[in-house]
file structure03.cif (mmCIF, C-alpha atoms)
data_final
loop_
_atom_site.label_atom_id
_atom_site.label_comp_id
_atom_site.auth_asym_id
_atom_site.auth_seq_id
_atom_site.Cartn_x
_atom_site.Cartn_y
_atom_site.Cartn_z
CA MET A 1 -35.83 -208.10 -13.30
CA ASN A 2 -32.36 -208.68 -14.62
CA SER A 3 -30.75 -205.86 -12.66
CA LEU A 4 -32.70 -206.88 -9.56
CA SER A 5 -31.43 -210.45 -9.68
CA LEU A 6 -27.90 -209.15 -10.29
CA THR A 7 -28.19 -206.87 -7.26
CA LEU A 8 -29.42 -209.83 -5.24
CA PHE A 9 -26.47 -211.88 -6.48
CA ASP A 10 -24.07 -209.08 -5.49
CA CYS A 11 -25.59 -208.95 -2.02
CA VAL A 12 -25.18 -212.71 -1.61
CA VAL A 13 -21.53 -212.46 -2.71
CA LEU A 14 -20.92 -209.58 -0.31
CA VAL A 15 -22.51 -211.30 2.67
CA THR A 16 -20.66 -214.55 1.89
CA LEU A 17 -17.35 -212.66 1.72
CA LEU A 18 -17.92 -210.96 5.06
CA GLY A 19 -19.10 -214.20 6.67
CA LEU A 20 -16.10 -216.14 5.36
CA ALA A 21 -13.69 -213.42 6.47
CA TRP A 22 -15.18 -213.38 9.96
CA GLN A 23 -15.06 -217.15 10.33
CA LEU A 24 -11.54 -217.21 8.93
CA LEU A 25 -10.34 -214.81 11.60
CA ALA A 26 -12.37 -216.35 14.41
CA THR A 27 -11.52 -220.03 14.00
CA PRO A 28 -8.69 -221.38 16.17
CA ASP A 29 -8.16 -224.36 13.84
CA LEU A 30 -5.39 -223.51 11.36
CA PHE A 31 -6.44 -226.13 8.81
CA LYS A 32 -10.00 -224.88 8.83
CA ALA A 33 -8.73 -221.32 8.47
CA MET A 34 -6.74 -222.37 5.41
CA VAL A 35 -9.73 -223.99 3.74
CA LEU A 36 -11.79 -220.90 4.52
CA PHE A 37 -9.06 -218.72 3.02
CA MET A 38 -9.21 -220.66 -0.23
CA SER A 39 -13.01 -220.38 -0.32
CA PHE A 40 -12.65 -216.67 0.37
CA GLY A 41 -10.30 -216.38 -2.63
CA LEU A 42 -12.81 -218.08 -4.93
CA VAL A 43 -15.71 -215.88 -3.84
CA MET A 44 -13.42 -212.85 -4.09
CA ALA A 45 -12.65 -213.82 -7.70
CA LEU A 46 -16.38 -213.86 -8.34
CA ALA A 47 -16.63 -210.38 -6.83
CA TRP A 48 -13.87 -209.14 -9.16
CA VAL A 49 -15.77 -210.54 -12.13
CA ARG A 50 -18.82 -208.58 -11.00
CA LEU A 51 -16.63 -205.47 -10.75
CA ALA A 52 -15.70 -205.99 -14.42
CA ALA A 53 -12.05 -206.73 -13.62
CA PRO A 54 -11.43 -210.12 -15.24
CA ASP A 55 -7.63 -209.76 -15.00
CA VAL A 56 -7.74 -209.40 -11.23
CA ALA A 57 -10.35 -212.16 -11.01
CA LEU A 58 -8.07 -214.57 -12.87
CA ALA A 59 -5.09 -213.63 -10.72
CA GLU A 60 -7.13 -214.00 -7.54
CA ALA A 61 -8.51 -217.39 -8.58
CA ALA A 62 -5.12 -218.73 -9.64
CA LEU A 63 -2.94 -217.18 -6.93
CA GLY A 64 -5.28 -216.45 -4.02
CA ALA A 65 -7.41 -219.55 -4.18
CA GLY A 66 -5.20 -221.93 -6.12
CA LEU A 67 -1.60 -221.49 -5.13
CA THR A 68 -1.66 -219.91 -1.67
CA GLY A 69 -3.63 -222.93 -0.44
CA PRO A 70 -0.84 -225.45 -1.15
CA LEU A 71 1.71 -222.97 0.25
CA PHE A 72 -0.24 -222.72 3.51
CA LEU A 73 -0.74 -226.47 3.56
CA SER A 74 2.97 -227.19 3.27
CA ALA A 75 3.70 -224.55 5.93
CA LEU A 76 1.12 -226.17 8.21
CA HIS A 77 2.63 -229.58 7.57
CA ARG A 78 6.05 -228.28 8.58
CA LEU A 79 4.67 -226.48 11.63
CA ARG A 80 3.59 -229.81 13.11
CA GLY A 81 6.40 -231.35 15.05
CA THR A 82 8.30 -228.12 15.64
CA ARG A 83 8.41 -226.45 19.02
CA LYS A 84 6.50 -223.41 17.83
CA GLY A 85 3.88 -225.60 16.19
CA GLU A 86 3.36 -227.58 19.38
CA ARG A 87 3.08 -224.37 21.35
CA ARG A 88 0.45 -223.19 18.92
CA GLN A 89 -1.49 -226.44 19.23
CA GLN A 90 -1.26 -226.13 22.98
CA LEU A 91 -2.69 -222.64 22.78
CA ASP A 92 -5.56 -223.98 20.71
CA SER A 93 -6.27 -226.85 23.05
CA ILE A 94 -9.36 -226.95 25.20
CA GLU A 95 -7.36 -226.97 28.45
CA HIS A 96 -5.70 -223.71 27.56
CA ARG A 97 -8.99 -222.13 26.61
CA GLY A 98 -10.28 -223.24 29.99
CA LYS A 99 -7.34 -221.43 31.61
CA ILE A 100 -8.17 -218.28 29.72
CA GLU A 101 -11.74 -218.56 30.88
CA LYS A 102 -10.55 -218.98 34.46
CA VAL A 103 -8.48 -215.82 34.18
CA THR A 104 -11.39 -213.93 32.72
CA GLN A 105 -13.60 -215.09 35.58
CA ARG A 106 -11.50 -213.08 37.99
CA THR A 107 -12.76 -209.50 38.25
CA SER A 108 -9.43 -207.86 37.41
CA GLY A 109 -8.99 -210.21 34.45
CA ARG A 110 -12.48 -209.50 33.29
CA ILE A 111 -11.98 -205.74 33.40
CA ILE A 112 -8.73 -205.93 31.40
CA TYR A 113 -10.42 -208.23 28.87
CA LEU A 114 -13.34 -205.85 28.57
CA LEU A 115 -11.06 -202.82 28.19
CA LEU A 116 -9.09 -204.55 25.44
CA ARG A 117 -12.28 -205.39 23.62
CA ILE A 118 -13.54 -201.82 23.86
CA LEU A 119 -10.17 -200.54 22.62
CA PHE A 120 -10.19 -202.79 19.57
CA ALA A 121 -13.84 -202.10 18.84
CA GLY A 122 -13.10 -198.37 19.04
CA LEU A 123 -10.14 -198.66 16.67
CA LEU A 124 -12.17 -200.66 14.17
CA LEU A 125 -15.05 -198.22 14.38
CA THR A 126 -12.78 -195.23 13.68
CA LEU A 127 -11.35 -197.07 10.68
CA LEU A 128 -14.84 -197.86 9.45
CA VAL A 129 -16.00 -194.25 9.84
CA HIS A 130 -12.93 -193.00 7.98
CA LEU A 131 -13.47 -195.44 5.13
CA ALA A 132 -17.16 -194.53 4.93
CA THR A 133 -16.40 -190.80 4.76
CA ILE A 134 -13.80 -191.39 2.05
CA LEU A 135 -16.28 -193.47 0.05
CA LEU A 136 -18.94 -190.78 0.40
CA HIS A 137 -16.58 -188.06 -0.82
CA VAL A 138 -15.25 -189.88 -3.86
CA GLU A 139 -16.24 -188.09 -7.03
CA TYR A 140 -17.74 -190.73 -9.25
CA GLU A 141 -17.66 -188.42 -12.26
CA ASN A 142 -13.88 -188.58 -12.18
CA PRO A 143 -12.96 -191.24 -14.74
CA GLY A 144 -9.48 -191.73 -13.29
CA LEU A 145 -6.62 -192.56 -15.60
CA GLY A 146 -8.71 -194.72 -17.95
CA VAL A 147 -9.08 -191.92 -20.48
CA PHE A 148 -5.33 -191.30 -20.70
CA VAL A 149 -4.67 -195.00 -21.17
CA ALA A 150 -7.29 -195.22 -23.91
CA GLU A 151 -5.70 -192.22 -25.66
CA GLN A 152 -2.25 -193.81 -25.69
CA GLN A 153 -3.48 -197.36 -26.30
CA GLU A 154 -2.39 -197.34 -29.96
CA GLU A 155 1.22 -196.66 -29.05
CA SER A 156 1.44 -199.47 -26.48
CA GLY A 157 1.45 -202.22 -29.12
CA VAL A 158 -1.18 -204.31 -27.31
CA ILE A 159 -4.96 -204.30 -27.29
CA SER A 160 -5.58 -205.07 -23.63
CA PRO A 161 -5.47 -201.84 -21.59
CA VAL A 162 -4.39 -203.74 -18.46
CA THR A 163 -1.38 -205.23 -20.21
CA ALA A 164 -0.60 -201.85 -21.75
CA VAL A 165 -0.35 -200.33 -18.28
CA LEU A 166 1.42 -203.26 -16.65
CA LEU A 167 4.09 -203.84 -19.25
CA ASN A 168 4.40 -200.59 -21.12
CA PHE A 169 3.24 -197.45 -19.34
CA ARG A 170 4.28 -198.64 -15.90
CA GLY A 171 6.69 -201.37 -16.89
CA TYR A 172 9.16 -200.60 -14.11
CA ASP A 173 6.50 -201.54 -11.51
CA THR A 174 6.13 -204.97 -13.01
CA LEU A 175 9.89 -205.31 -13.43
CA LEU A 176 10.33 -204.72 -9.71
CA GLU A 177 7.56 -207.19 -8.87
CA ILE A 178 9.32 -209.88 -10.89
CA MET A 179 12.55 -209.04 -9.06
CA VAL A 180 10.79 -209.33 -5.69
CA LEU A 181 9.60 -212.83 -6.59
CA PHE A 182 13.13 -213.79 -7.62
CA VAL A 183 14.59 -212.42 -4.39
CA ALA A 184 11.97 -214.42 -2.47
CA VAL A 185 13.30 -217.65 -3.95
CA VAL A 186 16.87 -216.61 -3.14
CA ALA A 187 15.79 -215.97 0.45
CA VAL A 188 13.97 -219.29 0.73
CA TRP A 189 16.93 -221.18 -0.72
CA SER A 190 19.34 -219.58 1.68
CA LEU A 191 17.15 -220.25 4.71
CA ALA A 192 16.24 -223.90 4.28
CA THR A 193 17.22 -227.11 2.56
CA VAL A 194 14.82 -229.79 1.48
CA ARG A 195 15.32 -233.44 0.64
CA PHE A 196 13.61 -233.18 -2.70
CA SER A 197 14.54 -236.62 -3.98
CA GLU A 198 12.99 -238.45 -1.05
CA LYS A 199 9.96 -240.44 -2.05
CA SER A 200 7.14 -241.33 0.25
CA GLY A 201 5.97 -243.98 -2.20
CA GLN A 202 2.46 -243.62 -0.87
CA VAL A 203 0.96 -241.73 -3.76
CA SER A 204 -2.24 -243.21 -5.11
CA PRO A 205 -1.81 -244.51 -8.68
CA ILE A 206 -5.12 -242.86 -9.53
CA GLN A 207 -3.69 -239.49 -8.49
CA GLN A 208 -0.64 -240.01 -10.70
CA GLY A 209 -2.84 -241.03 -13.61
CA VAL A 210 -5.10 -238.02 -13.25
CA VAL A 211 -2.15 -235.65 -12.95
CA ARG A 212 -0.66 -237.13 -16.11
CA ILE A 213 -3.88 -236.13 -17.89
CA LEU A 214 -4.34 -232.76 -16.20
CA ALA A 215 -0.78 -231.41 -16.17
CA PRO A 216 -0.38 -231.08 -19.97
CA LEU A 217 -3.79 -229.41 -20.17
CA MET A 218 -2.82 -227.00 -17.40
CA ILE A 219 0.42 -226.10 -19.15
CA LEU A 220 -1.58 -225.48 -22.33
CA VAL A 221 -3.97 -223.22 -20.42
CA ALA A 222 -1.04 -221.41 -18.81
CA VAL A 223 0.65 -220.63 -22.12
CA SER A 224 -2.65 -219.56 -23.65
CA LEU A 225 -3.28 -217.27 -20.67
CA ILE A 226 0.12 -215.66 -21.14
CA TRP A 227 -0.45 -215.20 -24.85
CA GLN A 228 -4.00 -213.93 -24.26
CA GLY A 229 -2.59 -211.15 -22.10
CA THR A 230 -1.91 -209.00 -25.14
CA HIS A 231 -5.54 -208.75 -26.22
CA LEU A 232 -7.79 -210.18 -23.46
CA ALA A 233 -7.72 -210.83 -19.74
CA GLY A 234 -4.64 -212.77 -18.70
CA GLY A 235 -0.92 -212.32 -18.65
CA ALA A 236 2.35 -213.45 -17.15
CA PHE A 237 1.17 -213.62 -13.53
CA GLN A 238 -2.03 -215.54 -14.22
CA GLY A 239 -0.34 -217.93 -16.63
CA GLY A 240 2.63 -218.34 -14.31
CA ALA A 241 0.32 -219.22 -11.42
CA VAL A 242 -1.40 -221.94 -13.46
CA LEU A 243 2.01 -223.23 -14.53
CA ALA A 244 3.11 -223.33 -10.91
CA ALA A 245 -0.09 -225.16 -9.94
CA ALA A 246 0.70 -227.80 -12.56
CA GLY A 247 4.21 -228.05 -11.11
CA VAL A 248 2.87 -228.43 -7.57
CA LEU A 249 0.47 -231.16 -8.71
CA MET A 250 3.31 -233.05 -10.40
CA MET A 251 5.52 -232.68 -7.33
CA VAL A 252 2.95 -233.94 -4.83
CA SER A 253 2.20 -236.82 -7.20
CA GLU A 254 5.93 -237.67 -7.14
CA LEU A 255 6.22 -238.15 -10.87
CA PRO A 256 9.57 -239.89 -11.31
CA TRP A 257 11.09 -237.66 -13.99
CA LEU A 258 10.81 -234.57 -11.79
CA ARG A 259 13.64 -235.89 -9.61
CA LEU A 260 15.95 -236.14 -12.57
CA ILE A 261 15.95 -232.45 -13.43
CA PRO A 262 19.46 -231.09 -12.90
CA SER A 263 19.77 -227.86 -10.99
CA LEU A 264 21.44 -225.67 -13.62
CA PRO A 265 18.40 -225.43 -15.97
CA VAL A 266 16.22 -224.61 -12.96
CA ARG A 267 18.54 -221.79 -11.94
CA LEU A 268 18.68 -220.48 -15.49
CA MET A 269 14.89 -220.58 -15.85
CA LEU A 270 14.50 -218.70 -12.57
CA VAL A 271 16.54 -215.74 -13.85
CA PHE A 272 15.33 -216.01 -17.45
CA GLY A 273 12.26 -213.79 -17.06
CA PRO A 274 13.88 -211.03 -14.97
CA LEU A 275 16.92 -211.03 -17.27
CA VAL A 276 14.89 -210.77 -20.50
CA PHE A 277 12.77 -208.00 -19.01
CA LEU A 278 15.75 -206.08 -17.70
CA GLY A 279 17.81 -206.69 -20.84
CA LEU A 280 15.11 -205.44 -23.18
CA GLY A 281 14.49 -202.48 -20.88
CA VAL A 282 18.16 -201.54 -20.91
CA SER A 283 18.48 -202.02 -24.66
CA CYS A 284 15.71 -199.45 -25.05
CA LEU A 285 18.27 -196.96 -23.75
CA ALA A 286 19.96 -197.05 -27.18
CA ASP A 287 17.41 -194.71 -28.73
CA GLY A 288 15.12 -193.65 -25.95
CA ARG A 289 14.62 -194.09 -22.28
CA PHE A 290 14.63 -197.10 -19.97
CA LEU A 291 11.76 -199.51 -20.79
CA GLU A 292 10.49 -197.23 -23.57
CA TYR A 293 9.90 -199.72 -26.37
CA PRO A 294 10.16 -198.46 -29.94
CA GLY A 295 6.63 -198.13 -31.37
CA GLU A 296 6.59 -200.73 -34.11
CA LEU A 297 8.30 -203.40 -31.99
CA ALA A 298 6.33 -202.79 -28.78
CA GLY A 299 3.75 -205.54 -29.26
CA PHE A 300 6.34 -208.18 -30.06
CA LEU A 301 8.62 -207.16 -27.21
CA ILE A 302 5.76 -207.23 -24.71
CA LEU A 303 4.77 -210.74 -25.81
CA LEU A 304 8.40 -211.83 -25.46
CA ILE A 305 8.65 -210.37 -21.96
CA GLU A 306 5.33 -211.91 -20.93
CA LEU A 307 6.37 -215.36 -22.11
CA ALA A 308 9.76 -215.21 -20.42
CA CYS A 309 8.33 -213.79 -17.20
CA GLY A 310 5.40 -216.22 -17.20
CA LEU A 311 7.76 -219.20 -17.35
CA SER A 312 9.98 -217.77 -14.63
CA ILE A 313 7.05 -216.84 -12.39
CA GLY A 314 5.68 -220.36 -12.70
CA LEU A 315 8.98 -221.89 -11.72
CA THR A 316 9.51 -219.33 -8.95
CA LEU A 317 6.16 -220.09 -7.33
CA ALA A 318 6.77 -223.83 -7.63
CA CYS A 319 10.17 -223.35 -5.96
CA LEU A 320 8.49 -221.43 -3.15
CA PHE A 321 6.20 -224.42 -2.66
CA VAL A 322 9.21 -226.74 -2.35
CA GLY A 323 10.19 -224.44 0.48
CA GLY A 324 13.96 -224.67 0.40
CA ARG A 325 17.05 -225.42 -1.58
CA PRO A 326 17.09 -229.04 -2.74
CA VAL A 327 19.84 -231.03 -1.01
CA ASP A 328 20.79 -232.58 -4.35
CA ASP A 329 21.58 -229.11 -5.57
CA LEU A 330 24.10 -228.64 -2.77
CA VAL A 331 25.61 -232.06 -3.52
CA ASP A 332 25.78 -231.27 -7.23
CA ARG A 333 27.71 -228.11 -6.58
CA GLY A 334 30.11 -229.77 -4.18
CA GLN A 335 28.96 -227.76 -1.18
CA LEU A 336 27.79 -230.84 0.67
CA GLU A 337 29.25 -234.32 0.89
CA GLU A 338 27.20 -237.09 -0.64
CA GLY A 339 25.20 -238.94 1.97
CA SER A 340 25.64 -236.46 4.80
CA MET B 341 -35.91 -222.59 -33.33
CA ARG B 342 -34.20 -220.07 -31.07
CA GLU B 343 -37.12 -220.12 -28.63
CA VAL B 344 -37.19 -223.93 -28.50
CA LEU B 345 -33.47 -224.02 -27.76
CA ASP B 346 -33.81 -221.36 -25.07
CA LEU B 347 -36.67 -223.19 -23.44
CA THR B 348 -34.82 -226.53 -23.50
CA GLY B 349 -31.86 -224.77 -21.94
CA ILE B 350 -33.92 -223.32 -19.13
CA VAL B 351 -35.64 -226.66 -18.46
CA LEU B 352 -32.28 -228.46 -18.33
CA ILE B 353 -30.79 -225.89 -15.96
CA VAL B 354 -33.82 -226.02 -13.68
CA CYS B 355 -33.58 -229.83 -13.71
CA GLY B 356 -29.94 -229.55 -12.65
CA LEU B 357 -30.59 -227.39 -9.60
CA PRO B 358 -32.26 -230.08 -7.38
CA PHE B 359 -29.13 -232.22 -7.76
CA PHE B 360 -27.00 -229.41 -6.34
CA LEU B 361 -29.53 -228.90 -3.56
CA SER B 362 -29.57 -232.58 -2.59
CA GLY B 363 -25.78 -232.72 -2.85
CA SER B 364 -25.37 -229.79 -0.47
CA LEU B 365 -28.05 -231.17 1.83
CA GLY B 366 -26.26 -234.52 1.91
CA LEU B 367 -22.95 -232.81 2.66
CA LEU B 368 -24.50 -231.07 5.63
CA ARG B 369 -26.73 -233.81 6.98
CA PHE B 370 -25.09 -237.19 6.25
CA PRO B 371 -23.44 -238.94 9.21
CA ASP B 372 -19.83 -239.58 8.11
CA ILE B 373 -17.16 -238.59 5.63
CA PHE B 374 -17.82 -241.42 3.17
CA THR B 375 -21.54 -240.83 2.83
CA ARG B 376 -20.91 -237.09 2.52
CA LEU B 377 -18.40 -237.65 -0.27
CA HIS B 378 -20.94 -239.84 -2.01
CA ALA B 379 -23.60 -237.13 -1.82
CA LEU B 380 -21.29 -234.35 -2.91
CA THR B 381 -19.54 -235.90 -5.89
CA LYS B 382 -22.36 -237.93 -7.36
CA ALA B 383 -25.14 -235.39 -7.14
CA ASP B 384 -23.05 -232.36 -8.10
CA ASN B 385 -21.61 -234.01 -11.19
CA VAL B 386 -25.04 -234.84 -12.58
CA GLY B 387 -26.28 -231.36 -11.63
CA LEU B 388 -23.32 -229.69 -13.30
CA GLY B 389 -23.82 -231.89 -16.38
CA LEU B 390 -27.42 -230.79 -16.74
CA ILE B 391 -26.51 -227.14 -16.23
CA VAL B 392 -23.70 -227.38 -18.80
CA LEU B 393 -26.10 -228.99 -21.28
CA GLY B 394 -28.57 -226.19 -20.61
CA LEU B 395 -25.88 -223.58 -21.21
CA ILE B 396 -24.77 -225.32 -24.41
CA CYS B 397 -28.32 -224.84 -25.74
CA GLN B 398 -27.71 -221.10 -25.42
CA ALA B 399 -24.12 -221.10 -26.64
CA GLY B 400 -23.37 -218.86 -29.59
CA SER B 401 -20.96 -221.12 -31.41
CA LEU B 402 -19.72 -224.70 -31.60
CA PHE B 403 -16.41 -223.67 -30.04
CA GLU B 404 -18.18 -222.20 -27.04
CA ALA B 405 -20.28 -225.35 -26.65
CA LEU B 406 -17.17 -227.53 -26.77
CA ARG B 407 -15.47 -225.37 -24.16
CA LEU B 408 -18.48 -225.76 -21.84
CA LEU B 409 -18.41 -229.52 -22.36
CA MET B 410 -14.70 -229.46 -21.53
CA VAL B 411 -15.46 -227.72 -18.23
CA TRP B 412 -17.79 -230.55 -17.27
CA LEU B 413 -15.32 -233.26 -18.27
CA LEU B 414 -12.50 -231.64 -16.31
CA VAL B 415 -14.68 -231.23 -13.22
CA LEU B 416 -15.69 -234.90 -13.53
CA ILE B 417 -12.06 -235.99 -13.60
CA ALA B 418 -10.98 -233.66 -10.82
CA SER B 419 -13.89 -234.37 -8.49
CA SER B 420 -13.75 -238.15 -8.83
CA ALA B 421 -10.00 -238.07 -8.26
CA SER B 422 -10.25 -235.80 -5.22
CA CYS B 423 -13.12 -237.89 -3.85
CA HIS B 424 -10.91 -240.95 -4.12
CA LEU B 425 -8.02 -239.15 -2.42
CA ILE B 426 -10.11 -237.91 0.50
CA ALA B 427 -11.67 -241.34 1.02
CA ARG B 428 -8.23 -242.96 0.81
CA SER B 429 -6.69 -240.70 3.41
CA ALA B 430 -9.75 -241.21 5.63
CA LEU B 431 -9.26 -244.98 5.41
CA GLU B 432 -5.54 -244.57 6.14
CA LYS B 433 -6.46 -242.65 9.28
CA ASN B 434 -8.66 -245.61 10.28
CA ILE B 435 -11.90 -243.68 10.16
CA LYS B 436 -14.59 -246.33 10.34
CA PRO B 437 -17.47 -246.09 7.90
CA TRP B 438 -20.77 -245.29 9.54
CA MET B 439 -23.07 -248.27 10.17
CA ARG B 440 -26.76 -248.09 10.89
CA SER B 441 -26.90 -248.91 14.58
#
call {"tool": "encode", "arguments": {"input": "structure03.cif", "output": "C-alpha cells"}}
result
Amino acid sequence: MNSLSLTLFDCVVLVTLLGLAWQLLATPDLFKAMVLFMSFGLVMALAWVRLAAPDVALAEAALGAGLTGPLFLSALHRLRGTRKGERRQQLDSIEHRGKIEKVTQRTSGRIIYLLLRILFAGLLLTLLVHLATILLHVEYENPGLGVFVAEQQEESGVISPVTAVLLNFRGYDTLLEIMVLFVAVVAVWSLATVRFSEKSGQVSPIQQGVVRILAPLMILVAVSLIWQGTHLAGGAFQGGAVLAAAGVLMMVSELPWLRLIPSLPVRLMLVFGPLVFLGLGVSCLADGRFLEYPGELAGFLILLIELACGLSIGLTLACLFVGGRPVDDLVDRGQLEEGS
Amino acid sequence: MREVLDLTGIVLIVCGLPFFLSGSLGLLRFPDIFTRLHALTKADNVGLGLIVLGLICQAGSLFEALRLLMVWLLVLIASSASCHLIARSALEKNIKPWMRS
C-alpha cells in the first residue's frame, strides 16, 4: 500500500512537471511564463526530495523557485518601455498572430511551416531515443563514487557527504563557482547603473510590517542552513539564497535604513567569501597542496569558508536583483557629479 | 495512547482536506480576483491548520511539534500579507469588484 501510494505520488509529480514545462514553453505571456517557472521550481524541489537529494531540493526551492522569480520579475519590469520590450509585446499581440496565420494560410507558407515542424519533431525524437538508450544501458549495480566518498569521509572533517565533496574533495569546483558569481556582479555593475535611493513611497505599511517580522527570521534560517551544511542538508548556497531573499524583501519594501548603507562595506562583503576561500586554499600550500586542508583543522576551516561564502553569496544575489551599480556609489567615489 | 493519537491525527488531516478542495475550487470557479483571493487564503489557512494539528499528533518530540506550528504561523502571516498586496494592486489598477448582476 505504502509503496503503491508513493509510486502514485511520483507519477503525479512527474506528470505535473511535464505539464508545467510544456505550458511554460508554449505560453506567449511572459508574466505567466515566469509564474509557471516558479511553480516548476517548487515541484522540481519536491521531485529532488523524492530522489533522496535534500541538498539539491533546498537549493532548487531557494534559488530556482525563490530567487529566480524576483530576478525575472525585475527583468520583465525593465523590459516594458524599452524598444525591444515593445517589439516583444507586439509579437505577442493578437494582430501579429493573425498575420502569422495569414502567412500560414498561403500554400508555400504552410509547407515551410510544416517542414519546420517536422524538422524540430525529428530532432526532438532523436534526442529522446538517444536518452532512452542511454538510460537503458546504465548499469544500476555501479554505485558510482559514493563508496569512495564514504571511505574518505572521516578525513574530510564534516559529516555530510555532500559538503565533504563540495568543499573538500572537489573544493576547486566550488571556489570557481563562487568566483563566477562575483564576476557576474562585476559585469552587472559595469553594464548598468540604478537609482537605488529613489523611493516610490507606495509601499503598503502592512508589507513593511510583515517584512520587519519575517526578515530576521529568514536571516536566522539562512545562518542555520549554512551551519547545518557540515552535518545535514544545507550549505553556503542554500543559506546564501535565503539571505538574498530576505535582502530582496527588504529592498522591495523600501526599508529606510537600507538606503543608508555606504558602498565600501558592500564591496568588502562581496569579496569576503571568495577571498577567505582563496586565502585558506593558498595557505594550505604551506604544508600540502592547494585546498588540501590539514586533517585536524578541516572541519573548522570548512565551516569558516561556508560562513564567509554564504554571506557573500547572499549579498551577491541581492546585488544581481538590484540590477546595476547604485548611482550613489558612483557619486561617493567621485566618478559622477552630485545631481547629474 | 499511541493509537488514539494516531487516529486523532488522521481524523484531523482528513478534516483539513475538504478546505483545500473548496479553496482550489473557489480559485478556479469564482468570478473575480477578490472572491478568488477570499477562497484561496481563508480556506487554505484553515485546511493547513488542521493538517498541521494532525501532523503534530504524530510528531516524535516537542521540538518537532513546535516547528510544525511555526510553519503554520509563518504561512498565515505570509498568505494574509500577500493576499492584501494582491488585492491592493488590483484596486490600484481599478479592477472593479464583481457584483451580482
call {"tool": "resolve_selection", "arguments": {"input": "structure03.cif", "expression": "the PyMOL selection byres ((chain A) within 8 of (chain B))", "output": "list in words"}}
result
Ser204, Ile206, Gln207 and Val210 of chain A
call {"tool": "write_last_selection", "arguments": {"input": "structure03.cif", "atoms": "C-alpha atoms", "output": "short mmCIF file (atom, residue, chain, number, x, y, z; two decimals), in the frame of the given file"}}
result
data_model
loop_
_atom_site.label_atom_id
_atom_site.label_comp_id
_atom_site.auth_asym_id
_atom_site.auth_seq_id
_atom_site.Cartn_x
_atom_site.Cartn_y
_atom_site.Cartn_z
CA SER A 204 -2.24 -243.21 -5.11
CA ILE A 206 -5.12 -242.86 -9.53
CA GLN A 207 -3.69 -239.49 -8.49
CA VAL A 210 -5.10 -238.02 -13.25
#
call {"tool": "atom_distance", "arguments": {"input": "structure03.cif", "atom1": "CA of Leu431 in chain B", "atom2": "CA of Leu24 in chain A"}}
result
28.1 Å
call {"tool": "residues_around", "arguments": {"input": "structure03.cif", "residues": "Pro371 in chain B", "least_positions_apart": "4", "cutoff": "10 Å", "atoms": "all atoms listed in the file", "output": "mmCIF file with C-alpha atoms, in the coordinates of the input"}}
result
data_model
loop_
_atom_site.group_PDB
_atom_site.id
_atom_site.type_symbol
_atom_site.label_atom_id
_atom_site.label_comp_id
_atom_site.auth_asym_id
_atom_site.auth_seq_id
_atom_site.Cartn_x
_atom_site.Cartn_y
_atom_site.Cartn_z
ATOM 1 C CA GLY B 366 -26.260 -234.520 1.910
ATOM 2 C CA LEU B 367 -22.950 -232.810 2.660
ATOM 3 C CA THR B 375 -21.540 -240.830 2.830
ATOM 4 C CA ARG B 376 -20.910 -237.090 2.520
ATOM 5 C CA PRO B 437 -17.470 -246.090 7.900
ATOM 6 C CA TRP B 438 -20.770 -245.290 9.540
ATOM 7 C CA MET B 439 -23.070 -248.270 10.170
ATOM 8 C CA ARG B 440 -26.760 -248.090 10.890
#
call {"tool": "residues_around", "arguments": {"input": "structure03.cif", "residues": "Val392 in chain B", "least_positions_apart": "5", "cutoff": "7 Å", "atoms": "only C-alpha atoms", "output": "list in words"}}
result
Leu408, Leu409 and Trp412 of chain B
call {"tool": "closest_residue", "arguments": {"input": "structure03.cif", "among": "B:Leu406, B:Cys423, B:Leu388, B:Val415", "to": "Ile353 in chain B", "atoms": "all atoms listed in the file"}}
result
B:Leu388
call {"tool": "closest_residue", "arguments": {"input": "structure03.cif", "among": "A:Met269, A:Met251, A:Ala121, A:Val242", "to": "Gln208 in chain A", "atoms": "only C-alpha atoms"}}
result
A:Met251
call {"tool": "residues_around", "arguments": {"input": "structure03.cif", "residues": "Met218 in chain A", "least_positions_apart": "6", "cutoff": "10 Å", "atoms": "all atoms listed in the file", "output": "number ranges by chain"}}
result
A: 211, 224, 239, 242-247
call {"tool": "atom_distance", "arguments": {"input": "structure03.cif", "atom1": "CA of Leu36 in chain A", "atom2": "CA of Leu20 in chain A"}}
result
6.5 Å
call {"tool": "atom_distance", "arguments": {"input": "structure03.cif", "atom1": "CA of Ser74 in chain A", "atom2": "CA of Met250 in chain A"}}
result
14.9 Å
call {"tool": "resolve_selection", "arguments": {"input": "structure03.cif", "expression": "the PyMOL selection byres ((chain A and resi 159) around 12)", "output": "PyMOL selection string"}}
result
chain A and resi 149-150+152-158+160-165+168+228-233+298-299+302-303
call {"tool": "resolve_selection", "arguments": {"input": "structure03.cif", "expression": "the PyMOL selection byres ((chain A and resi 69) around 10)", "output": "count of residues only"}}
result
19
call {"tool": "closest_residue", "arguments": {"input": "structure03.cif", "among": "A:Leu270, A:Val43, A:Leu175, A:Phe182", "to": "Val282 in chain A", "atoms": "all atoms listed in the file"}}
result
A:Leu175
call {"tool": "closest_residue", "arguments": {"input": "structure03.cif", "among": "A:Ala21, A:Val188, A:Cys284, A:Ala45", "to": "Ala59 in chain A", "atoms": "all atoms listed in the file"}}
result
A:Ala45
call {"tool": "residues_around", "arguments": {"input": "structure03.cif", "residues": "Leu317 in chain A", "least_positions_apart": "2", "cutoff": "9 Å", "atoms": "only C-alpha atoms", "output": "PyMOL selection string"}}
result
chain A and resi 67+181+185+240-241+243-245+248+312-315+319-322
call {"tool": "residues_around", "arguments": {"input": "structure03.cif", "residues": "range 271-281 of chain A", "least_positions_apart": "4", "cutoff": "7 Å", "atoms": "only C-alpha atoms", "output": "VMD selection string"}}
result
chain A and resid 175 178 to 179 267 290 to 291 305 308 to 309 312
call {"tool": "closest_residue", "arguments": {"input": "structure03.cif", "among": "A:Leu214, A:Thr82, A:His137, A:Phe120", "to": "Leu413 in chain B", "atoms": "all atoms listed in the file"}}
result
A:Leu214
call {"tool": "closest_residue", "arguments": {"input": "structure03.cif", "among": "B:Ile435, B:Glu404, B:Ala399, B:Ile391", "to": "Cys355 in chain B", "atoms": "all atoms listed in the file"}}
result
B:Ile391
